[in-house]
Amino acid sequence: MATNLKPRVAHPTRRLHWGLAQQTMPGENASGDAALVLELPQGCLLAVADGLGHGAEAAAASGAAMQILRNHPSGDVLQLLRACHEGLRPTRGVVMSLAWLNFDDEIMTWAGVGNVAGMLLRAGAVGEGAREHLLCRAGVLGAQMPPPCAALTFIAPGDTLLFFTDGVHPGPATAFNDVLSSPDRAAATLLRASARGTDDALVLVARLEGEAQP
Ligand SMILES: [Mn+2]
C-alpha cells in the first residue's frame with residue numbers, strides 16, 4: 001500500500017454518521033454479506049462485500065475481504081480492490097464496492113467490482129444530480145477482476161451515501177428521500193421494505209455531518 005494510516009476515533013470537524021442493517025438468508029447461520037466503516041485521520045473508508053453464494057463459505061470470503069481492508073487502511077480504493085483480489089484467491093470470492101471520503105478536500109472516491117449497489121444522495125439537490133449511482137465493473141474479487149475504474153466527486157455536509165447488496169431490491173417507486181431520517185433508521189427501513197428474503201441482505205447508510213463551508 002502506498003499509505004498506511006493509523007485509525008482513530010473521529011475527525012474533529014467532519015463526522016460521518018452511519019447505520020447498518022442486515023439479515024441472513026433464512027436457513028443459514030452466517031451471512032455472506034459484510035460491511036466496514038473505518039475512520040482515519042484524513043477521512044473515512046466504507047466498504048460492503050457480498051461473498052459468492054451464501055452460508056459459511058460466503059461469510060468466510062466477505063470476512064476475509066474486510067480483514068484485508070483493516071490490514072491496509074488507506075484511501076486508495078483501486079489498490080484496495082487489487083489487494084482484495086489477490087488475497088481472496090483461496091476463497092470463493094466476493095463482489096465489493098467501496099468509498100473513500102476525504103473530509104479535508106470534501107471529495108469522495110468510489111469504485112466497485114460486481115453488483116453491490118452504491119448511491120449518493122445530494123443534500124438539497126433536485127432533479128438530475130440529486131442522485132448518483134456507482135458504476136461497477138463486472139467481476140469477482142478473488143476469481144476474475146477487470147481493470148477496475150474509480151470515480152471522484154465532491155461531497156458536502158448532508159450528503160448521504162448508500163451501499164446495498166443484491167439481497168436488497170428497491171422498487172422503482174422507492175422514495176430514497178426517506179433515508180434523510182437518521183442513518184440507523186434509514187438502513188432498517190430500506191432493508192425491511194426491500195429485502196428479497198431469498199438471499200443475505202445488507203444496507204449501509206452514511207451521512208456527512210458538519211458545518212457547511214461559507
Ligand atoms: Mn447476494
# chains A, B, ... in the order shown; residues from 1 in each chain; ligands from 1
$ residues_near_ligand --ligand "ligand 1" --cutoff "12 Å" --atoms "only C-alpha atoms and all ligand atoms" --output "PyMOL selection string"
chain A and resi 22-25+31-34+48-55+58-59+62+94-96+114-117+164-169+195-203
$ select_by_dssp --residues "segment 11-109 of chain A" --states "strand (DSSP E or B)" --output "number ranges by chain"
A: 16-23, 33-40, 43-51, 94-102, 107-109
$ closest_residue --among "A:Cys149, A:Leu101, A:Ala206, A:Ala111" --to "Gln42 of chain A" --atoms "only C-alpha atoms"
A:Leu101
$ closest_residue --among "A:Thr91, A:Thr189, A:Gln79, A:Ser194" --to "Ala150 of chain A" --atoms "only C-alpha atoms"
A:Gln79
$ closest_atom_pairs --of "segment 2-102 of chain A" --to "segment 143-148 of chain A" --cutoff "9 Å" --atoms "only C-alpha atoms" --output "Markdown table"
| residue | atom | partner | partner_atom | distance |
| --- | --- | --- | --- | --- |
| A:Leu78 | CA | A:Pro148 | CA | 6.7 |
| A:Leu81 | CA | A:Pro148 | CA | 7.8 |
| A:Arg82 | CA | A:Met145 | CA | 8.3 |
| A:His85 | CA | A:Met145 | CA | 7.0 |
| A:Glu86 | CA | A:Ala143 | CA | 8.8 |
| A:Leu88 | CA | A:Ala143 | CA | 7.9 |
| A:Arg89 | CA | A:Ala143 | CA | 6.2 |
| A:Thr91 | CA | A:Ala143 | CA | 8.7 |
| A:Arg92 | CA | A:Ala143 | CA | 7.7 |
| A:Gly93 | CA | A:Ala143 | CA | 6.1 |
| A:Val94 | CA | A:Ala143 | CA | 8.5 |
$ atom_distance --atom1 "atom CA of Leu135 of chain A" --atom2 "atom CA of Met119 of chain A"
9.6 Å
$ closest_residue --among "A:Val205, A:Pro90, A:Ile107, A:Gly63" --to "Phe163 of chain A" --atoms "only C-alpha atoms"
A:Val205
$ select_by_dssp --residues "segment 18-168 of chain A" --states "alpha helix (DSSP H)" --output "list in words"
Ala56, Glu57, Ala58, Ala59, Ala60, Ala61, Ser62, Gly63, Ala64, Ala65, Met66, Gln67, Ile68, Leu69, Arg70, Asn71, Val77, Leu78, Gln79, Leu80, Leu81, Arg82, Ala83, Cys84, His85, Glu86 and Gly87 of chain A
$ write_last_selection --atoms "C-alpha atoms" --output "PDB file, in the first residue's frame"
ATOM      1  CA  ALA A  56     -20.309 -20.226   5.939  1.00  0.00           C
ATOM      2  CA  GLU A  57     -18.044 -20.132   2.875  1.00  0.00           C
ATOM      3  CA  ALA A  58     -19.576 -16.906   1.635  1.00  0.00           C
ATOM      4  CA  ALA A  59     -19.156 -15.436   5.126  1.00  0.00           C
ATOM      5  CA  ALA A  60     -15.518 -16.532   5.178  1.00  0.00           C
ATOM      6  CA  ALA A  61     -14.865 -14.785   1.868  1.00  0.00           C
ATOM      7  CA  SER A  62     -16.501 -11.484   2.817  1.00  0.00           C
ATOM      8  CA  GLY A  63     -14.922 -11.630   6.280  1.00  0.00           C
ATOM      9  CA  ALA A  64     -11.517 -12.086   4.679  1.00  0.00           C
ATOM     10  CA  ALA A  65     -12.176  -9.070   2.453  1.00  0.00           C
ATOM     11  CA  MET A  66     -12.960  -6.870   5.470  1.00  0.00           C
ATOM     12  CA  GLN A  67      -9.806  -8.083   7.219  1.00  0.00           C
ATOM     13  CA  ILE A  68      -7.671  -7.198   4.192  1.00  0.00           C
ATOM     14  CA  LEU A  69      -9.098  -3.661   4.289  1.00  0.00           C
ATOM     15  CA  ARG A  70      -8.412  -3.376   8.028  1.00  0.00           C
ATOM     16  CA  ASN A  71      -4.858  -4.557   7.454  1.00  0.00           C
ATOM     17  CA  VAL A  77      -9.690   2.322  -3.436  1.00  0.00           C
ATOM     18  CA  LEU A  78      -8.144   0.823  -6.581  1.00  0.00           C
ATOM     19  CA  GLN A  79      -5.183  -0.570  -4.652  1.00  0.00           C
ATOM     20  CA  LEU A  80      -7.589  -1.930  -2.058  1.00  0.00           C
ATOM     21  CA  LEU A  81      -9.609  -3.733  -4.728  1.00  0.00           C
ATOM     22  CA  ARG A  82      -6.406  -5.234  -6.096  1.00  0.00           C
ATOM     23  CA  ALA A  83      -5.237  -6.290  -2.634  1.00  0.00           C
ATOM     24  CA  CYS A  84      -8.589  -7.979  -2.043  1.00  0.00           C
ATOM     25  CA  HIS A  85      -8.489  -9.716  -5.409  1.00  0.00           C
ATOM     26  CA  GLU A  86      -5.053 -11.168  -4.649  1.00  0.00           C
ATOM     27  CA  GLY A  87      -5.836 -12.002  -1.036  1.00  0.00           C
TER      28      GLY A  87
END
$ closest_residue --among "A:Pro183, A:Gly142, A:Gly118, A:Gly171" --to "Glu209 of chain A" --atoms "only C-alpha atoms"
A:Pro183
$ closest_residue --among "A:Gly75, A:Ser181, A:Leu98, A:Gly129" --to "Ala35 of chain A" --atoms "only C-alpha atoms"
A:Leu98
$ atom_distance --atom1 "atom CA of Ala130 of chain A" --atom2 "atom CA of Ser182 of chain A"
18.7 Å
$ closest_residue --among "A:Asn29, A:Thr160, A:Thr174, A:Thr109" --to "Ala193 of chain A" --atoms "only C-alpha atoms"
A:Thr174
$ atom_distance --atom1 "atom CA of Leu204 of chain A" --atom2 "atom CA of Leu20 of chain A"
4.6 Å
$ residues_around --residues "Met108 of chain A" --least-positions-apart "2" --cutoff "9 Å" --atoms "only C-alpha atoms" --output "MDAnalysis selection string"
chainID A and resid 99:103 105:106 110 151:155
